[in-house]
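Undergrad: Pasting protein36.cif here (mmCIF, N, CA and C atoms and all ligand atoms):
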data_data
loop_
_atom_site.label_atom_id
_atom_site.label_comp_id
_atom_site.auth_asym_id
_atom_site.auth_seq_id
_atom_site.Cartn_x
_atom_site.Cartn_y
_atom_site.Cartn_z
N MET A 882 -19.63 53.67 37.09
CA MET A 882 -20.00 52.27 37.25
C MET A 882 -21.49 52.19 37.48
N PRO A 883 -22.13 51.22 36.85
CA PRO A 883 -23.59 51.10 37.00
C PRO A 883 -23.97 50.69 38.42
N VAL A 884 -24.94 51.37 38.99
CA VAL A 884 -25.46 51.04 40.32
C VAL A 884 -26.97 51.00 40.21
N GLY A 885 -27.53 49.82 40.34
CA GLY A 885 -28.98 49.69 40.28
C GLY A 885 -29.57 50.22 38.99
N GLY A 886 -28.85 50.02 37.90
CA GLY A 886 -29.35 50.46 36.61
C GLY A 886 -29.10 51.93 36.32
N VAL A 887 -28.51 52.63 37.27
CA VAL A 887 -28.22 54.05 37.08
C VAL A 887 -26.72 54.22 36.96
N THR A 888 -26.29 54.93 35.96
CA THR A 888 -24.87 55.18 35.79
C THR A 888 -24.44 56.30 36.73
N VAL A 889 -23.46 55.99 37.56
CA VAL A 889 -22.92 57.00 38.47
C VAL A 889 -21.74 57.66 37.78
N LEU A 890 -21.85 58.94 37.61
CA LEU A 890 -20.79 59.67 36.92
C LEU A 890 -19.59 59.88 37.83
N VAL A 891 -18.43 59.65 37.28
CA VAL A 891 -17.19 59.89 38.00
C VAL A 891 -16.92 61.39 37.98
N PRO A 892 -16.57 61.96 39.12
CA PRO A 892 -16.27 63.40 39.11
C PRO A 892 -15.19 63.72 38.09
N LEU A 893 -15.38 64.79 37.36
CA LEU A 893 -14.44 65.15 36.31
C LEU A 893 -13.21 65.86 36.85
N VAL A 894 -13.32 66.43 38.02
CA VAL A 894 -12.20 67.17 38.58
C VAL A 894 -11.37 66.25 39.46
N SER A 895 -10.16 66.02 39.03
CA SER A 895 -9.26 65.18 39.80
C SER A 895 -8.58 66.02 40.88
N PRO A 896 -8.51 65.52 42.11
CA PRO A 896 -7.83 66.29 43.15
C PRO A 896 -6.33 66.41 42.88
N ASP A 897 -5.81 65.56 42.00
CA ASP A 897 -4.38 65.59 41.71
C ASP A 897 -4.00 66.64 40.67
N LEU A 898 -4.99 67.09 39.92
CA LEU A 898 -4.70 68.04 38.86
C LEU A 898 -5.42 69.36 39.13
N PRO A 899 -4.67 70.43 39.24
CA PRO A 899 -5.32 71.72 39.46
C PRO A 899 -6.14 72.12 38.25
N ASN A 900 -7.34 72.64 38.46
CA ASN A 900 -8.15 73.08 37.33
C ASN A 900 -8.35 74.58 37.37
N THR A 901 -7.41 75.24 38.00
CA THR A 901 -7.40 76.70 37.99
C THR A 901 -5.99 77.16 37.62
N ILE A 902 -5.92 78.35 37.13
CA ILE A 902 -4.62 78.94 36.84
C ILE A 902 -4.55 80.28 37.53
N THR A 903 -3.33 80.75 37.74
CA THR A 903 -3.14 82.02 38.41
C THR A 903 -3.34 83.16 37.42
N ALA A 904 -3.51 84.36 37.95
CA ALA A 904 -3.65 85.54 37.09
C ALA A 904 -2.40 85.74 36.24
N VAL A 905 -1.24 85.44 36.82
CA VAL A 905 0.01 85.58 36.08
C VAL A 905 0.08 84.58 34.93
N GLU A 906 -0.31 83.33 35.22
CA GLU A 906 -0.30 82.31 34.16
C GLU A 906 -1.27 82.70 33.03
N ARG A 907 -2.40 83.22 33.44
CA ARG A 907 -3.41 83.64 32.44
C ARG A 907 -2.85 84.73 31.53
N GLU A 908 -2.19 85.71 32.11
CA GLU A 908 -1.62 86.80 31.31
C GLU A 908 -0.48 86.31 30.43
N GLN A 909 0.34 85.39 30.97
CA GLN A 909 1.43 84.83 30.17
C GLN A 909 0.88 84.09 28.96
N LEU A 910 -0.19 83.34 29.18
CA LEU A 910 -0.79 82.59 28.08
C LEU A 910 -1.40 83.53 27.04
N LEU A 911 -2.10 84.54 27.51
CA LEU A 911 -2.72 85.47 26.57
C LEU A 911 -1.66 86.23 25.77
N ASP A 912 -0.58 86.62 26.44
CA ASP A 912 0.51 87.31 25.73
C ASP A 912 1.13 86.40 24.68
N ALA A 913 1.37 85.14 25.05
CA ALA A 913 1.96 84.18 24.11
C ALA A 913 1.02 83.94 22.93
N ALA A 914 -0.27 83.86 23.21
CA ALA A 914 -1.24 83.65 22.13
C ALA A 914 -1.29 84.86 21.20
N ARG A 915 -1.19 86.06 21.78
CA ARG A 915 -1.20 87.28 20.95
C ARG A 915 0.03 87.32 20.03
N GLN A 916 1.17 86.88 20.55
CA GLN A 916 2.37 86.83 19.71
C GLN A 916 2.19 85.79 18.60
N ALA A 917 1.58 84.68 18.94
CA ALA A 917 1.41 83.59 17.97
C ALA A 917 0.51 84.00 16.82
N LEU A 918 -0.51 84.79 17.11
CA LEU A 918 -1.44 85.12 16.02
C LEU A 918 -0.78 85.95 14.93
N THR A 919 0.32 86.62 15.25
CA THR A 919 1.02 87.41 14.22
C THR A 919 1.69 86.50 13.19
N ARG A 920 1.82 85.22 13.53
CA ARG A 920 2.46 84.26 12.61
C ARG A 920 1.43 83.42 11.86
N ALA A 921 0.15 83.74 12.03
CA ALA A 921 -0.90 82.95 11.36
C ALA A 921 -0.80 83.07 9.85
N TYR A 922 -1.28 82.04 9.17
CA TYR A 922 -1.37 82.04 7.72
C TYR A 922 -2.85 82.01 7.38
N ALA A 923 -3.40 83.18 7.11
CA ALA A 923 -4.85 83.29 6.90
C ALA A 923 -5.18 84.20 5.71
N PRO A 924 -4.64 83.88 4.51
CA PRO A 924 -4.86 84.75 3.36
C PRO A 924 -6.29 84.70 2.82
N TYR A 925 -7.05 83.69 3.18
CA TYR A 925 -8.41 83.55 2.63
C TYR A 925 -9.46 84.22 3.51
N SER A 926 -9.40 83.98 4.81
CA SER A 926 -10.40 84.58 5.71
C SER A 926 -9.90 85.90 6.29
N ASN A 927 -8.58 86.09 6.32
CA ASN A 927 -7.99 87.24 6.98
C ASN A 927 -8.35 87.27 8.47
N PHE A 928 -8.66 86.11 9.02
CA PHE A 928 -9.02 85.98 10.43
C PHE A 928 -7.84 85.31 11.14
N TYR A 929 -7.07 86.13 11.83
CA TYR A 929 -5.82 85.66 12.44
C TYR A 929 -6.09 85.22 13.88
N VAL A 930 -5.68 83.98 14.16
CA VAL A 930 -5.93 83.39 15.48
C VAL A 930 -4.62 82.85 16.05
N GLY A 931 -4.43 83.06 17.35
CA GLY A 931 -3.28 82.51 18.05
C GLY A 931 -3.73 81.77 19.28
N ALA A 932 -3.00 80.74 19.63
CA ALA A 932 -3.32 79.98 20.84
C ALA A 932 -2.04 79.69 21.61
N ALA A 933 -2.19 79.57 22.91
CA ALA A 933 -1.07 79.17 23.76
C ALA A 933 -1.60 78.15 24.75
N ILE A 934 -0.80 77.12 24.99
CA ILE A 934 -1.22 76.09 25.94
C ILE A 934 -0.20 76.00 27.06
N LEU A 935 -0.70 75.69 28.23
CA LEU A 935 0.15 75.49 29.42
C LEU A 935 0.08 74.03 29.79
N THR A 936 1.23 73.38 29.90
CA THR A 936 1.24 71.96 30.23
C THR A 936 1.31 71.77 31.75
N ALA A 937 1.06 70.55 32.18
CA ALA A 937 1.14 70.22 33.60
C ALA A 937 2.55 70.42 34.13
N GLN A 938 3.53 70.38 33.23
CA GLN A 938 4.93 70.59 33.62
C GLN A 938 5.31 72.06 33.61
N GLY A 939 4.36 72.93 33.26
CA GLY A 939 4.63 74.36 33.28
C GLY A 939 5.19 74.93 32.00
N ARG A 940 5.20 74.14 30.96
CA ARG A 940 5.72 74.63 29.67
C ARG A 940 4.60 75.27 28.87
N ILE A 941 4.95 76.25 28.06
CA ILE A 941 3.99 76.92 27.19
C ILE A 941 4.36 76.64 25.73
N PHE A 942 3.37 76.25 24.96
CA PHE A 942 3.53 76.06 23.53
C PHE A 942 2.50 76.94 22.82
N THR A 943 2.85 77.38 21.62
CA THR A 943 1.92 78.24 20.89
C THR A 943 1.60 77.67 19.52
N GLY A 944 0.53 78.17 18.96
CA GLY A 944 0.13 77.77 17.61
C GLY A 944 -0.68 78.87 16.98
N CYS A 945 -0.83 78.80 15.67
CA CYS A 945 -1.63 79.76 14.92
C CYS A 945 -2.46 79.01 13.89
N ASN A 946 -3.49 79.67 13.40
CA ASN A 946 -4.27 79.01 12.36
C ASN A 946 -3.48 79.01 11.05
N VAL A 947 -3.64 77.93 10.30
CA VAL A 947 -2.96 77.77 9.02
C VAL A 947 -4.02 77.35 8.01
N GLU A 948 -4.31 78.28 7.08
CA GLU A 948 -5.35 78.01 6.09
C GLU A 948 -4.75 77.36 4.85
N ASN A 949 -5.65 76.91 4.00
CA ASN A 949 -5.24 76.27 2.76
C ASN A 949 -6.24 76.62 1.67
N ALA A 950 -5.78 76.64 0.42
CA ALA A 950 -6.68 76.90 -0.71
C ALA A 950 -7.80 75.86 -0.74
N SER A 951 -7.49 74.66 -0.29
CA SER A 951 -8.52 73.64 -0.08
C SER A 951 -9.01 73.82 1.35
N TYR A 952 -10.07 74.60 1.53
CA TYR A 952 -10.46 75.12 2.85
C TYR A 952 -10.51 74.06 3.94
N GLY A 953 -10.97 72.86 3.60
CA GLY A 953 -11.12 71.83 4.62
C GLY A 953 -9.82 71.40 5.26
N LEU A 954 -8.71 71.74 4.67
CA LEU A 954 -7.41 71.36 5.22
C LEU A 954 -6.90 72.36 6.25
N THR A 955 -7.62 73.44 6.43
CA THR A 955 -7.22 74.45 7.40
C THR A 955 -7.19 73.86 8.81
N ILE A 956 -6.20 74.32 9.59
CA ILE A 956 -6.13 73.87 10.99
C ILE A 956 -6.21 75.08 11.91
N CYS A 957 -6.90 74.90 13.01
CA CYS A 957 -7.09 75.97 13.99
C CYS A 957 -5.82 76.17 14.81
N ALA A 958 -5.73 77.33 15.44
CA ALA A 958 -4.58 77.65 16.27
C ALA A 958 -4.44 76.71 17.46
N GLU A 959 -5.57 76.34 18.07
CA GLU A 959 -5.52 75.47 19.25
C GLU A 959 -4.90 74.12 18.91
N ARG A 960 -5.39 73.51 17.83
CA ARG A 960 -4.85 72.20 17.46
C ARG A 960 -3.41 72.32 16.98
N SER A 961 -3.09 73.42 16.31
CA SER A 961 -1.72 73.64 15.87
C SER A 961 -0.77 73.63 17.07
N ALA A 962 -1.17 74.31 18.15
CA ALA A 962 -0.34 74.37 19.37
C ALA A 962 -0.25 73.00 20.03
N ILE A 963 -1.38 72.32 20.11
CA ILE A 963 -1.41 71.03 20.80
C ILE A 963 -0.59 69.98 20.05
N PHE A 964 -0.72 69.96 18.74
CA PHE A 964 0.02 68.95 17.97
C PHE A 964 1.53 69.21 18.06
N ALA A 965 1.91 70.48 18.06
CA ALA A 965 3.34 70.79 18.23
C ALA A 965 3.82 70.34 19.60
N ALA A 966 2.97 70.54 20.62
CA ALA A 966 3.34 70.17 21.99
C ALA A 966 3.46 68.66 22.15
N VAL A 967 2.59 67.93 21.49
CA VAL A 967 2.67 66.46 21.56
C VAL A 967 4.04 66.00 21.05
N GLN A 968 4.45 66.60 19.96
CA GLN A 968 5.74 66.21 19.39
C GLN A 968 6.89 66.58 20.34
N GLN A 969 6.77 67.75 20.99
CA GLN A 969 7.84 68.23 21.87
C GLN A 969 7.85 67.53 23.22
N THR A 970 6.75 66.88 23.59
CA THR A 970 6.69 66.19 24.88
C THR A 970 6.68 64.67 24.70
N SER A 971 7.09 64.25 23.54
CA SER A 971 7.19 62.81 23.24
C SER A 971 5.89 62.07 23.51
N GLY A 972 4.78 62.70 23.18
CA GLY A 972 3.49 62.05 23.33
C GLY A 972 2.96 62.00 24.75
N LYS A 973 3.59 62.73 25.68
CA LYS A 973 3.17 62.70 27.08
C LYS A 973 2.53 64.02 27.50
N LEU A 974 1.81 64.62 26.61
CA LEU A 974 1.22 65.93 26.89
C LEU A 974 0.08 65.82 27.90
N ALA A 975 0.13 66.67 28.92
CA ALA A 975 -0.97 66.83 29.87
C ALA A 975 -1.26 68.33 29.96
N LEU A 976 -2.46 68.71 29.58
CA LEU A 976 -2.80 70.13 29.52
C LEU A 976 -3.31 70.65 30.87
N ARG A 977 -2.95 71.90 31.16
CA ARG A 977 -3.57 72.62 32.28
C ARG A 977 -4.48 73.72 31.77
N ALA A 978 -4.04 74.39 30.69
CA ALA A 978 -4.82 75.52 30.19
C ALA A 978 -4.56 75.76 28.72
N VAL A 979 -5.55 76.34 28.07
CA VAL A 979 -5.46 76.75 26.67
C VAL A 979 -6.04 78.17 26.58
N ALA A 980 -5.31 79.05 25.93
CA ALA A 980 -5.84 80.40 25.68
C ALA A 980 -5.86 80.63 24.19
N VAL A 981 -6.93 81.24 23.71
CA VAL A 981 -7.03 81.52 22.27
C VAL A 981 -7.49 82.96 22.08
N VAL A 982 -6.81 83.65 21.15
CA VAL A 982 -7.13 85.05 20.87
C VAL A 982 -7.21 85.23 19.36
N ASN A 983 -7.85 86.31 18.94
CA ASN A 983 -7.88 86.62 17.51
C ASN A 983 -7.61 88.11 17.32
N ARG A 984 -7.06 88.43 16.16
CA ARG A 984 -6.64 89.80 15.89
C ARG A 984 -7.80 90.77 15.90
N ASP A 985 -8.99 90.30 15.50
CA ASP A 985 -10.16 91.17 15.44
C ASP A 985 -10.82 91.39 16.79
N GLN A 986 -10.35 90.62 17.78
CA GLN A 986 -10.90 90.72 19.15
C GLN A 986 -12.41 90.57 19.17
N VAL A 987 -12.88 89.59 18.40
CA VAL A 987 -14.31 89.26 18.40
C VAL A 987 -14.51 87.94 19.15
N ALA A 988 -15.74 87.69 19.56
CA ALA A 988 -16.05 86.45 20.26
C ALA A 988 -15.63 85.26 19.40
N CYS A 989 -14.90 84.34 20.02
CA CYS A 989 -14.37 83.20 19.25
C CYS A 989 -14.04 82.06 20.20
N ALA A 990 -15.04 81.25 20.49
CA ALA A 990 -14.82 80.07 21.34
C ALA A 990 -14.20 78.97 20.50
N PRO A 991 -13.46 78.05 21.13
CA PRO A 991 -12.89 76.94 20.37
C PRO A 991 -13.97 76.13 19.65
N CYS A 992 -13.68 75.70 18.43
CA CYS A 992 -14.64 74.91 17.66
C CYS A 992 -14.76 73.50 18.26
N GLY A 993 -15.72 72.76 17.78
CA GLY A 993 -15.95 71.42 18.31
C GLY A 993 -14.76 70.50 18.14
N ALA A 994 -14.10 70.56 17.01
CA ALA A 994 -12.93 69.70 16.78
C ALA A 994 -11.84 70.00 17.79
N CYS A 995 -11.59 71.27 18.03
CA CYS A 995 -10.56 71.65 18.99
C CYS A 995 -10.96 71.24 20.42
N ARG A 996 -12.22 71.35 20.74
CA ARG A 996 -12.67 70.92 22.07
C ARG A 996 -12.39 69.44 22.29
N GLN A 997 -12.65 68.64 21.27
CA GLN A 997 -12.39 67.21 21.38
C GLN A 997 -10.89 66.95 21.58
N VAL A 998 -10.06 67.68 20.86
CA VAL A 998 -8.61 67.48 20.97
C VAL A 998 -8.10 67.97 22.33
N ILE A 999 -8.63 69.09 22.81
CA ILE A 999 -8.24 69.58 24.14
C ILE A 999 -8.61 68.53 25.19
N ALA A 1000 -9.81 67.98 25.11
CA ALA A 1000 -10.27 67.00 26.10
C ALA A 1000 -9.40 65.75 26.10
N GLU A 1001 -8.85 65.40 24.96
CA GLU A 1001 -7.98 64.23 24.87
C GLU A 1001 -6.80 64.33 25.83
N PHE A 1002 -6.33 65.57 26.05
CA PHE A 1002 -5.11 65.76 26.82
C PHE A 1002 -5.34 66.38 28.19
N GLY A 1003 -6.58 66.40 28.64
CA GLY A 1003 -6.83 66.89 29.99
C GLY A 1003 -8.27 67.31 30.19
N ARG A 1004 -9.04 66.50 30.92
CA ARG A 1004 -10.45 66.81 31.14
C ARG A 1004 -10.65 68.00 32.07
N ASP A 1005 -9.58 68.40 32.78
CA ASP A 1005 -9.69 69.54 33.68
C ASP A 1005 -9.09 70.81 33.07
N THR A 1006 -8.76 70.76 31.82
CA THR A 1006 -8.10 71.90 31.17
C THR A 1006 -8.95 73.16 31.27
N VAL A 1007 -8.31 74.23 31.68
CA VAL A 1007 -8.96 75.55 31.70
C VAL A 1007 -8.84 76.14 30.30
N VAL A 1008 -9.94 76.66 29.77
CA VAL A 1008 -9.94 77.25 28.44
C VAL A 1008 -10.33 78.72 28.55
N ILE A 1009 -9.48 79.57 28.01
CA ILE A 1009 -9.71 81.02 28.03
C ILE A 1009 -9.92 81.47 26.59
N PHE A 1010 -11.00 82.15 26.35
CA PHE A 1010 -11.30 82.59 24.99
C PHE A 1010 -12.10 83.89 25.03
N GLN A 1011 -12.09 84.57 23.88
CA GLN A 1011 -12.82 85.82 23.77
C GLN A 1011 -14.32 85.53 23.68
N GLY A 1012 -15.07 86.05 24.63
CA GLY A 1012 -16.52 85.89 24.59
C GLY A 1012 -17.16 87.19 24.13
N GLN A 1013 -18.46 87.28 24.28
CA GLN A 1013 -19.18 88.48 23.84
C GLN A 1013 -18.79 89.71 24.64
N GLY A 1014 -18.52 89.51 25.93
CA GLY A 1014 -18.22 90.65 26.78
C GLY A 1014 -16.84 90.60 27.38
N GLY A 1015 -15.85 90.14 26.64
CA GLY A 1015 -14.49 90.03 27.16
C GLY A 1015 -14.08 88.58 27.25
N PHE A 1016 -12.93 88.34 27.87
CA PHE A 1016 -12.43 86.98 27.96
C PHE A 1016 -13.26 86.16 28.94
N GLN A 1017 -13.52 84.93 28.55
CA GLN A 1017 -14.24 83.98 29.40
C GLN A 1017 -13.30 82.85 29.76
N GLU A 1018 -13.55 82.24 30.90
CA GLU A 1018 -12.76 81.12 31.36
C GLU A 1018 -13.70 79.99 31.73
N SER A 1019 -13.40 78.82 31.22
CA SER A 1019 -14.24 77.66 31.48
C SER A 1019 -13.36 76.42 31.50
N THR A 1020 -13.91 75.30 31.90
CA THR A 1020 -13.15 74.06 31.77
C THR A 1020 -13.62 73.35 30.51
N ILE A 1021 -12.76 72.53 29.96
CA ILE A 1021 -13.15 71.81 28.76
C ILE A 1021 -14.30 70.85 29.07
N ALA A 1022 -14.38 70.37 30.30
CA ALA A 1022 -15.49 69.48 30.68
C ALA A 1022 -16.82 70.21 30.57
N ASP A 1023 -16.81 71.51 30.86
CA ASP A 1023 -18.04 72.30 30.72
C ASP A 1023 -18.33 72.62 29.25
N LEU A 1024 -17.27 72.85 28.48
CA LEU A 1024 -17.45 73.20 27.07
C LEU A 1024 -17.82 72.00 26.21
N LEU A 1025 -17.38 70.82 26.66
CA LEU A 1025 -17.67 69.59 25.90
C LEU A 1025 -17.95 68.47 26.89
N PRO A 1026 -19.17 68.43 27.41
CA PRO A 1026 -19.48 67.44 28.47
C PRO A 1026 -19.36 65.99 28.03
N GLU A 1027 -19.69 65.71 26.82
CA GLU A 1027 -19.65 64.31 26.34
C GLU A 1027 -18.60 64.18 25.25
N THR A 1028 -17.40 63.79 25.63
CA THR A 1028 -16.35 63.62 24.64
C THR A 1028 -16.40 62.21 24.04
N PHE A 1029 -15.87 62.09 22.87
CA PHE A 1029 -15.72 60.77 22.27
C PHE A 1029 -14.53 60.09 22.92
N ARG A 1030 -14.72 58.85 23.36
CA ARG A 1030 -13.65 58.06 23.97
C ARG A 1030 -13.69 56.66 23.42
N LEU A 1031 -12.53 56.07 23.24
CA LEU A 1031 -12.48 54.68 22.77
C LEU A 1031 -12.58 53.70 23.92
N SER A 1032 -12.30 54.15 25.13
CA SER A 1032 -12.37 53.20 26.25
C SER A 1032 -13.39 53.66 27.28
ZN ZN B 1101 -10.85 74.71 16.18
#
Give the structure from this file in structure tokens form.
TA:
Amino acid sequence: MPVGGVTVLVPLVSPDLPNTITAVEREQLLDAARQALTRAYAPYSNFYVGAAILTAQGRIFTGCNVENASYGLTICAERSAIFAAVQQTSGKLALRAVAVVNRDQVACAPCGACRQVIAEFGRDTVVIFQGQGGFQESTIADLLPETFRLS
């Protein structure tokens, strides 16, 4: 809300929503993502990616990248998982965490499109991804500080 011409930012971390995950949850997500990447359809890039998401209700959904001969139609593993979860939760998806892995075990942070989609379903979402020196953990608010919003 504007105060004296200065916009006061609302804290992004809600006290009602945990923005941390346990070590067990992290391993469960990474294991699920590793299983998901084996189902990827990546005949063009041969870059296999798997993602697993943890909902506020404690459910895990997975996704993999799906490529297309028309390259622009390719979908990332993160969005694949999230879109499946939306359908399975009747449009009431609330994210706690997203983990993404790739078969080559190279640095691979979520792309901008996936960051926007993750933010849609939880500004406190923890994101785990392969960084330069191993897995990194961040919040989507840190990865995408200014999301597009209609309201
Ligand atoms: Zn992406």
Undergrad: Show me which residues sit within 7 Å of ligand ZN 1101 (chain B) when counting all atoms listed in the file, and put them as a VMD selection string.
TA: chain A and resid 956 to 960 990 to 996
Undergrad: Just to be explicit: take each residue in the selection above, keep N, CA and C atoms, and write the result as a tab-separated table (two decimals), keeping the file's coordinate frame.
TA:
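Output saved as out21.tsv:
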chain	number	residue	atom	x	y	z
A	956	ILE	N	-6.20	74.32	9.59
A	956	ILE	CA	-6.13	73.87	10.99
A	956	ILE	C	-6.21	75.08	11.91
A	957	CYS	N	-6.90	74.90	13.01
A	957	CYS	CA	-7.09	75.97	13.99
A	957	CYS	C	-5.82	76.17	14.81
A	958	ALA	N	-5.73	77.33	15.44
A	958	ALA	CA	-4.58	77.65	16.27
A	958	ALA	C	-4.44	76.71	17.46
A	959	GLU	N	-5.57	76.34	18.07
A	959	GLU	CA	-5.52	75.47	19.25
A	959	GLU	C	-4.90	74.12	18.91
A	960	ARG	N	-5.39	73.51	17.83
A	960	ARG	CA	-4.85	72.20	17.46
A	960	ARG	C	-3.41	72.32	16.98
A	990	ALA	N	-15.04	81.25	20.49
A	990	ALA	CA	-14.82	80.07	21.34
A	990	ALA	C	-14.20	78.97	20.50
A	991	PRO	N	-13.46	78.05	21.13
A	991	PRO	CA	-12.89	76.94	20.37
A	991	PRO	C	-13.97	76.13	19.65
A	992	CYS	N	-13.68	75.70	18.43
A	992	CYS	CA	-14.64	74.91	17.66
A	992	CYS	C	-14.76	73.50	18.26
A	993	GLY	N	-15.72	72.76	17.78
A	993	GLY	CA	-15.95	71.42	18.31
A	993	GLY	C	-14.76	70.50	18.14
A	994	ALA	N	-14.10	70.56	17.01
A	994	ALA	CA	-12.93	69.70	16.78
A	994	ALA	C	-11.84	70.00	17.79
A	995	CYS	N	-11.59	71.27	18.03
A	995	CYS	CA	-10.56	71.65	18.99
A	995	CYS	C	-10.96	71.24	20.42
A	996	ARG	N	-12.22	71.35	20.74
A	996	ARG	CA	-12.67	70.92	22.07
A	996	ARG	C	-12.39	69.44	22.29
Undergrad: Suppose you want the space between CA of Leu911 (chain A) and CA of Ala923 (chain A); what is it in Å?
TA: 19.9 Å
Undergrad: So the first atom is atom N of Thr1028 (chain A) and the second is atom C of Gln997 (chain A); what is the distance between them in Å, to one decimal place?
TA: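 Pair atom N of Thr1028 (chain A) / atom C of Gln997 (chain A) returns 8.3 Å.
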Undergrad: Mind pulling up the distance from CA of Ser1019 (chain A) to CA of Leu910 (chain A)?
TA: 14.7 Å
Undergrad: Select, from A:Asn949, A:Gly1003, A:Ile934, A:Gly1015, the residue with the minimum atom-to-atom distance to Tyr922 (chain A), counting only N, CA and C atoms.
TA: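 Answer, going by the shortest atom-to-atom distance: A:Asn949.
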Undergrad: Would you please work out which residue, of A:Ala914, A:Ala975, A:Glu1001, A:Asp985, is nearest to Ser1032 (chain A) when using only C-alpha atoms?
TA: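 Residue with the minimum atom-to-atom distance to Ser1032 (chain A): A:Glu1001.
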Undergrad: Fewer than 5 positions away in the same chain doesn't count, so skip those; otherwise give me all residues within 6.5 Å of Ala978 (chain A), counting only N, CA and C atoms, as an mmCIF file with N, CA and C atoms, in the frame of the given file.
TA:
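Below is the file that was written, selection20.cif:
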data_model
loop_
_atom_site.group_PDB
_atom_site.id
_atom_site.type_symbol
_atom_site.label_atom_id
_atom_site.label_comp_id
_atom_site.auth_asym_id
_atom_site.auth_seq_id
_atom_site.Cartn_x
_atom_site.Cartn_y
_atom_site.Cartn_z
ATOM 1 N N ALA A 933 -2.190 79.570 22.910
ATOM 2 C CA ALA A 933 -1.070 79.170 23.760
ATOM 3 C C ALA A 933 -1.600 78.150 24.750
ATOM 4 N N ILE A 934 -0.800 77.120 24.990
ATOM 5 C CA ILE A 934 -1.220 76.090 25.940
ATOM 6 C C ILE A 934 -0.200 76.000 27.060
ATOM 7 N N LEU A 935 -0.700 75.690 28.230
ATOM 8 C CA LEU A 935 0.150 75.490 29.420
ATOM 9 C C LEU A 935 0.080 74.030 29.790
ATOM 10 N N THR A 936 1.230 73.380 29.900
ATOM 11 C CA THR A 936 1.240 71.960 30.230
ATOM 12 C C THR A 936 1.310 71.770 31.750
ATOM 13 N N THR A 1006 -8.760 70.760 31.820
ATOM 14 C CA THR A 1006 -8.100 71.900 31.170
ATOM 15 C C THR A 1006 -8.950 73.160 31.270
ATOM 16 N N VAL A 1007 -8.310 74.230 31.680
ATOM 17 C CA VAL A 1007 -8.960 75.550 31.700
ATOM 18 C C VAL A 1007 -8.840 76.140 30.300
ATOM 19 N N VAL A 1008 -9.940 76.660 29.770
ATOM 20 C CA VAL A 1008 -9.940 77.250 28.440
ATOM 21 C C VAL A 1008 -10.330 78.720 28.550
ATOM 22 N N ILE A 1009 -9.480 79.570 28.010
ATOM 23 C CA ILE A 1009 -9.710 81.020 28.030
ATOM 24 C C ILE A 1009 -9.920 81.470 26.590
#
Undergrad: For Gln938 (chain A), which residue out of A:Ala950, A:Ala962, A:Ala904, A:Leu974 is the nearest one, using only N, CA and C atoms?
TA: A:Leu974
Undergrad: Kindly indicate which residue among A:Arg907, A:Arg1004, A:Arg977, A:Arg984 lies nearest to Asn927 (chain A), using all atoms listed in the file for the distances.
TA: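 The answer is A:Arg984, which sits nearest to Asn927 (chain A).
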Undergrad: Neighbouring residues of region 986-988 of chain A were defined as those with any atom within 7 Å, considering only N, CA and C atoms; residues of the same chain fewer than 6 positions away were excluded. Please report them as a count of residues only.
TA: 5
Undergrad: So which bits of region 883-1031 of chain A end up helix (DSSP H, G or I) when you DSSP the backbone, as an MDAnalysis selection string?
TA: chainID A and resid 904:918 952:954 958:969 993:1001 1021:1024
Undergrad: Which residue, A:Val930, A:Ala937, A:Val998, A:Ala917, has the smallest gap to Thr901 (chain A) when you use only C-alpha atoms?
TA: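 Among A:Val930, A:Ala937, A:Val998, A:Ala917, it is A:Ala937 that comes nearest to Thr901 (chain A).
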Undergrad: Kindly indicate which residue among A:Ser926, A:Glu1018, A:Leu1025, A:Ala913 lies nearest to Ala1000 (chain A), using all atoms listed in the file for the distances.
TA: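 Answer, going by the shortest atom-to-atom distance: A:Leu1025.
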Undergrad: Let me have the centre and edge lengths in Å, one decimal, of the box along x, y and z around every listed atom of region 981-994 of chain A with 5 Å of margin on each side, as JSON.
TA:
{"center_x": -11.3, "center_y": 80.5, "center_z": 19.6, "size_x": 19.4, "size_y": 31.7, "size_z": 18.3}
